[in-house]
>>> print(open('coords-v8.txt').read())   # compact mmCIF, C-alpha atoms
# COMPACT_ATOMS: atom_id res chain seq x y z
CA MET A 84 33.61 -90.40 -13.90
CA PHE A 85 31.00 -91.61 -16.35
CA PHE A 86 29.05 -94.84 -16.47
CA ASP A 87 27.45 -96.32 -19.55
CA PHE A 88 24.33 -98.43 -19.27
CA ALA A 89 23.07 -100.62 -22.04
CA ILE A 90 19.37 -101.32 -21.69
CA PRO A 91 17.74 -103.81 -24.02
CA PRO A 92 15.04 -102.29 -26.30
CA LYS A 93 12.29 -104.49 -24.78
CA LYS A 94 13.02 -103.15 -21.29
CA ILE A 95 12.98 -99.61 -22.60
CA CYS A 96 9.48 -100.17 -24.00
CA VAL A 97 8.24 -101.71 -20.73
CA CYS A 98 9.70 -98.86 -18.64
CA ALA A 99 8.20 -96.24 -20.94
CA LYS A 100 4.76 -97.89 -20.69
CA ILE A 101 4.88 -98.00 -16.87
CA PHE A 102 5.99 -94.37 -16.67
CA PHE A 103 3.23 -93.30 -19.04
CA MET A 104 0.58 -95.12 -17.00
CA LYS A 105 1.84 -93.60 -13.75
CA SER A 106 2.15 -90.13 -15.21
CA LYS A 107 -1.52 -90.21 -16.26
CA SER A 108 -2.78 -90.99 -12.75
CA PHE A 109 -0.24 -88.97 -10.78
CA PRO A 110 -1.59 -85.47 -11.59
CA LEU A 111 -5.11 -86.33 -10.37
CA PHE A 112 -3.80 -87.95 -7.20
CA SER A 113 -1.48 -85.03 -6.50
CA VAL A 114 -4.27 -82.49 -7.06
CA VAL A 115 -6.48 -84.31 -4.53
CA ILE A 116 -3.71 -84.49 -1.93
CA ILE A 117 -2.69 -80.86 -2.42
CA SER A 118 -6.32 -79.71 -2.25
CA LEU A 119 -6.89 -81.59 1.00
CA PHE A 120 -3.69 -80.18 2.47
CA VAL A 121 -4.50 -76.60 1.44
CA GLY A 122 -8.06 -76.95 2.79
CA ALA A 123 -6.81 -78.24 6.12
CA VAL A 124 -4.26 -75.42 6.42
CA LEU A 125 -6.90 -72.80 5.57
CA LYS A 126 -9.38 -74.17 8.12
CA LEU A 127 -6.87 -74.65 10.94
CA PHE A 128 -4.80 -71.50 10.55
CA ILE A 129 -6.34 -68.91 8.22
CA ILE A 130 -10.08 -68.85 7.45
CA ASP A 131 -12.76 -71.05 9.00
CA ILE A 132 -16.51 -71.40 8.49
CA LEU A 133 -18.45 -72.35 11.61
CA LEU A 134 -22.09 -73.20 12.21
CA VAL A 135 -23.55 -71.33 15.19
CA SER A 136 -25.71 -73.31 17.60
CA GLY A 137 -27.52 -71.20 20.18
CA ARG A 138 -29.06 -67.77 20.58
CA SER A 139 -26.49 -66.04 22.81
CA MET A 140 -25.38 -63.64 20.06
CA GLN A 141 -28.81 -62.67 18.71
CA PRO A 142 -29.73 -60.48 16.96
CA ALA A 143 -26.26 -60.02 15.40
CA ILE A 144 -25.77 -63.77 14.83
CA LYS A 145 -28.77 -66.06 14.79
CA ASP A 146 -29.05 -69.73 15.72
CA GLY A 147 -28.18 -71.90 12.71
CA GLU A 148 -26.25 -69.22 10.83
CA ARG A 149 -22.77 -69.79 9.46
CA ILE A 150 -19.98 -67.36 10.32
CA LEU A 151 -16.66 -66.62 8.63
CA VAL A 152 -13.74 -66.52 11.07
CA ASN A 153 -10.29 -65.01 10.56
CA ARG A 154 -8.01 -67.33 12.52
CA LEU A 155 -4.98 -65.11 11.89
CA ALA A 156 -6.57 -61.98 13.40
CA TYR A 157 -4.58 -62.21 16.64
CA GLY A 158 -1.96 -64.88 16.01
CA ILE A 159 -1.43 -68.54 15.22
CA ALA A 160 -3.16 -71.15 17.34
CA ALA A 161 -1.93 -74.67 17.85
CA PRO A 162 -3.90 -77.12 15.68
CA PHE A 163 -6.98 -78.22 17.63
CA GLY A 164 -5.58 -76.23 20.58
CA GLU A 165 -7.16 -73.58 22.74
CA LYS A 166 -4.26 -71.11 22.88
CA LEU A 167 -2.20 -68.99 20.51
CA ILE A 168 1.38 -70.17 20.10
CA PHE A 169 2.32 -66.91 18.35
CA GLN A 170 0.46 -63.67 19.09
CA TRP A 171 0.76 -60.36 17.21
CA ALA A 172 -2.49 -58.59 18.13
CA THR A 173 -5.15 -58.50 20.83
CA PRO A 174 -8.94 -58.14 20.63
CA LYS A 175 -10.43 -54.66 20.48
CA LYS A 176 -13.66 -53.52 22.05
CA GLY A 177 -16.53 -54.48 19.80
CA ASP A 178 -14.76 -57.42 18.17
CA VAL A 179 -16.83 -60.60 17.88
CA VAL A 180 -14.39 -63.33 18.86
CA ILE A 181 -14.17 -67.10 19.24
CA TYR A 182 -12.48 -69.09 21.99
CA LEU A 183 -12.81 -72.45 23.67
CA TRP A 184 -14.83 -72.96 26.83
CA ASN A 185 -15.74 -76.40 28.16
CA ASP A 186 -14.11 -77.93 25.05
CA LYS A 187 -16.50 -76.05 22.77
CA ILE A 188 -15.91 -73.07 20.50
CA VAL A 189 -18.03 -70.16 21.66
CA VAL A 190 -18.77 -66.82 20.01
CA LYS A 191 -18.99 -63.66 22.12
CA ARG A 192 -18.39 -59.93 21.85
CA CYS A 193 -15.40 -58.23 23.46
CA VAL A 194 -17.01 -55.60 25.69
CA ALA A 195 -13.90 -54.47 27.58
CA ILE A 196 -10.15 -55.08 27.40
CA GLY A 197 -7.32 -55.19 29.91
CA GLY A 198 -7.16 -52.07 32.06
CA ASP A 199 -10.72 -50.92 31.33
CA LYS A 200 -12.64 -49.86 34.43
CA ILE A 201 -15.84 -51.65 35.30
CA GLU A 202 -18.54 -50.69 37.78
CA ILE A 203 -21.37 -52.71 39.30
CA LEU A 204 -24.63 -51.00 40.27
CA ARG A 205 -28.00 -52.06 41.55
CA LEU A 206 -30.71 -51.79 38.89
CA ASP A 207 -33.02 -49.87 41.18
CA ASP A 208 -30.30 -47.23 41.68
CA MET A 209 -30.11 -46.56 37.94
CA GLU A 210 -32.14 -44.41 35.66
CA SER A 211 -34.45 -46.23 33.25
CA SER A 212 -32.56 -48.23 30.65
CA SER A 213 -33.60 -49.87 27.40
CA MET A 214 -31.30 -52.89 27.83
CA GLU A 215 -32.89 -56.33 27.75
CA ILE A 216 -32.83 -58.00 31.16
CA SER A 217 -33.98 -61.31 32.57
CA ALA A 218 -36.31 -61.68 35.52
CA ASP A 219 -33.48 -62.56 37.95
CA SER A 220 -31.29 -59.56 37.06
CA LEU A 221 -30.73 -57.40 40.13
CA TYR A 222 -27.52 -55.61 39.15
CA THR A 223 -25.86 -54.13 36.12
CA LEU A 224 -22.25 -54.06 35.04
CA ARG A 225 -21.01 -50.87 33.40
CA ALA A 226 -17.93 -51.04 31.17
CA GLY A 227 -17.45 -47.80 29.28
CA SER A 228 -20.69 -47.16 27.43
CA SER A 229 -21.82 -50.79 27.75
CA LEU A 230 -24.44 -51.77 30.33
CA VAL A 231 -24.82 -55.49 31.03
CA PRO A 232 -27.37 -57.01 33.46
CA LEU A 233 -26.17 -59.35 36.21
CA SER A 234 -27.99 -62.01 38.18
CA GLU A 235 -27.22 -62.50 41.87
CA PRO A 236 -24.65 -65.32 41.22
CA GLN A 237 -22.98 -63.27 38.48
CA TYR A 238 -22.80 -60.28 40.79
CA LEU A 239 -21.19 -62.38 43.51
CA SER A 240 -18.53 -63.72 41.10
CA LEU A 241 -17.59 -60.21 39.95
CA ARG A 242 -18.08 -58.32 43.20
CA GLY A 243 -15.03 -56.34 44.14
CA VAL A 244 -13.56 -56.29 40.62
CA ARG A 245 -12.78 -52.74 39.54
CA ALA A 246 -11.05 -53.31 36.20
CA VAL A 247 -10.41 -55.96 33.58
CA PRO A 248 -7.00 -57.56 34.34
CA ASP A 249 -4.19 -56.91 31.87
CA GLY A 250 -4.00 -59.64 29.25
CA TYR A 251 -7.72 -60.45 29.48
CA ILE A 252 -11.02 -59.40 27.94
CA LEU A 253 -14.60 -59.21 29.17
CA ALA A 254 -16.53 -61.39 26.70
CA ILE A 255 -20.33 -61.05 26.69
CA GLY A 256 -23.06 -62.40 24.40
CA ASP A 257 -25.32 -59.81 22.78
CA ASN A 258 -28.39 -61.69 24.02
CA PHE A 259 -27.78 -61.00 27.72
CA ALA A 260 -30.68 -63.09 28.96
CA GLU A 261 -29.52 -66.32 27.28
CA SER A 262 -25.74 -65.97 27.17
CA VAL A 263 -23.29 -67.84 29.39
CA ASP A 264 -20.16 -65.71 29.30
CA SER A 265 -17.59 -63.79 31.35
CA ARG A 266 -20.28 -62.91 33.86
CA THR A 267 -20.35 -66.60 34.82
CA TYR A 268 -16.88 -68.02 34.15
CA GLY A 269 -14.72 -64.91 34.40
CA PHE A 270 -12.44 -62.97 32.09
CA VAL A 271 -10.95 -64.61 28.98
CA ALA A 272 -7.20 -64.54 28.39
CA ASN A 273 -6.08 -62.85 25.18
CA ARG A 274 -4.06 -65.95 24.29
CA ASN A 275 -7.23 -68.04 24.43
CA VAL A 276 -8.94 -65.92 21.76
CA ILE A 277 -8.24 -67.88 18.59
CA GLY A 278 -10.14 -65.90 15.95
CA ARG A 279 -12.34 -62.96 14.99
CA VAL A 280 -15.66 -63.15 13.16
CA ILE A 281 -15.43 -61.20 9.90
CA GLY A 282 -18.68 -62.12 8.20
CA LYS A 283 -21.55 -64.54 7.80
>>> encode(input="coords-v8.txt", output="structure tokens")
Amino acid sequence: MFFDFAIPPKKICVCAKIFFMKSKSFPLFSVVIISLFVGAVLKLFIIDILLVSGRSMQPAIKDGERILVNRLAYGIAAPFGEKLIFQWATPKKGDVVIYLWNDKIVVKRCVAIGGDKIEILRLDDMESSSMEISADSLYTLRAGSSLVPLSEPQYLSLRGVRAVPDGYILAIGDNFAESVDSRTYGFVANRNVIGRVIGK
């Protein structure tokens, strides 16, 4: 079935003028909207640039430096969430990762993964070590080749633990003396690790 429409010439001119005016502004508007959308998707799900505040990862990452984070390294996190909703990989030893703690994104190094054995020793029972320690460090945590100093409260929170639980990592800041990490608040679940640092 066909329909014929007869439009007066004046109306055709008016419609053409309106379309022309809209078509001139539409591309710029659409470019802005698309750019904002793509930027938001990149930041939330793919690549993010974060400003580091604090010295817990010195000397690898200094206070005030910007880091490049791959948010797809281990899975897809819920927007503004603290957990992965889809996971296809887990952190490896040595990875510098980000996760949320106390509603803040923190940057730490994965020192041990699920199933890795850990051992706690008194510092005075060890041979001399070059690791940096604070004045209140009385113990050391050994995870593979990594040696991490522990204060008395940190020792008490980890005492009796013989291995990293499956599905978790031991996350420690490189600057042992100034880092608040797994020694204080415990192991970090793999699903809470929402990105890996890939550059700065």
>>> residues_around(input="coords-v8.txt", residues="Arg149 of chain A", least_positions_apart="4", cutoff="9 Å", atoms="all atoms listed in the file", output="mmCIF file with C-alpha atoms, keeping the file's coordinate frame")
data_model
loop_
_atom_site.group_PDB
_atom_site.id
_atom_site.type_symbol
_atom_site.label_atom_id
_atom_site.label_comp_id
_atom_site.auth_asym_id
_atom_site.auth_seq_id
_atom_site.Cartn_x
_atom_site.Cartn_y
_atom_site.Cartn_z
ATOM 1 C CA ILE A 132 -16.510 -71.400 8.490
ATOM 2 C CA LEU A 133 -18.450 -72.350 11.610
ATOM 3 C CA LEU A 134 -22.090 -73.200 12.210
ATOM 4 C CA VAL A 135 -23.550 -71.330 15.190
ATOM 5 C CA ILE A 144 -25.770 -63.770 14.830
ATOM 6 C CA LYS A 145 -28.770 -66.060 14.790
ATOM 7 C CA GLY A 282 -18.680 -62.120 8.200
ATOM 8 C CA LYS A 283 -21.550 -64.540 7.800
#
>>> residues_near_point(input="coords-v8.txt", point="(-1.8, -69.1, 15.8)", cutoff="10 Å", atoms="all atoms listed in the file", output="tab-separated table (two decimals) with C-alpha atoms, in the coordinates of the input")
chain	number	residue	atom	x	y	z
A	127	LEU	CA	-6.87	-74.65	10.94
A	128	PHE	CA	-4.80	-71.50	10.55
A	129	ILE	CA	-6.34	-68.91	8.22
A	154	ARG	CA	-8.01	-67.33	12.52
A	155	LEU	CA	-4.98	-65.11	11.89
A	156	ALA	CA	-6.57	-61.98	13.40
A	157	TYR	CA	-4.58	-62.21	16.64
A	158	GLY	CA	-1.96	-64.88	16.01
A	159	ILE	CA	-1.43	-68.54	15.22
A	160	ALA	CA	-3.16	-71.15	17.34
A	161	ALA	CA	-1.93	-74.67	17.85
A	162	PRO	CA	-3.90	-77.12	15.68
A	164	GLY	CA	-5.58	-76.23	20.58
A	165	GLU	CA	-7.16	-73.58	22.74
A	166	LYS	CA	-4.26	-71.11	22.88
A	167	LEU	CA	-2.20	-68.99	20.51
A	168	ILE	CA	1.38	-70.17	20.10
A	169	PHE	CA	2.32	-66.91	18.35
A	170	GLN	CA	0.46	-63.67	19.09
A	171	TRP	CA	0.76	-60.36	17.21
A	274	ARG	CA	-4.06	-65.95	24.29
A	276	VAL	CA	-8.94	-65.92	21.76
A	277	ILE	CA	-8.24	-67.88	18.59
A	278	GLY	CA	-10.14	-65.90	15.95
>>> atom_distance(input="coords-v8.txt", atom1="atom CA of Pro232 of chain A", atom2="atom CA of Val194 of chain A")
13.0 Å
>>> closest_residue(input="coords-v8.txt", among="A:Val231, A:Ala254, A:Ala246, A:Val263", to="Gly137 of chain A", atoms="all atoms listed in the file")
A:Val263
>>> residues_near_point(input="coords-v8.txt", point="(-25.8, -57.4, 16.5)", cutoff="12 Å", atoms="all atoms listed in the file", output="VMD selection string")
chain A and resid 138 to 145 177 to 179 191 to 192 256 to 259 282
>>> closest_residue(input="coords-v8.txt", among="A:Ser113, A:Thr173, A:Ser234, A:Ser240", to="Tyr268 of chain A", atoms="only C-alpha atoms")
A:Ser240
>>> atom_distance(input="coords-v8.txt", atom1="atom CA of Gly243 of chain A", atom2="atom CA of Tyr182 of chain A")
25.7 Å
>>> atom_distance(input="coords-v8.txt", atom1="atom CA of Ala260 of chain A", atom2="atom CA of Asp131 of chain A")
28.0 Å
>>> closest_residue(input="coords-v8.txt", among="A:Ile252, A:Leu111, A:Ala195, A:Ile150", to="Arg225 of chain A", atoms="all atoms listed in the file")
A:Ala195
>>> closest_residue(input="coords-v8.txt", among="A:Ser229, A:Ala172, A:Ser136, A:Gly250", to="Ile201 of chain A", atoms="only C-alpha atoms")
A:Ser229
>>> residues_around(input="coords-v8.txt", residues="Val244 of chain A", least_positions_apart="2", cutoff="10 Å", atoms="only C-alpha atoms", output="JSON, numbers by chain")
{"A": [200, 201, 202, 203, 240, 241, 242, 246, 247, 248]}
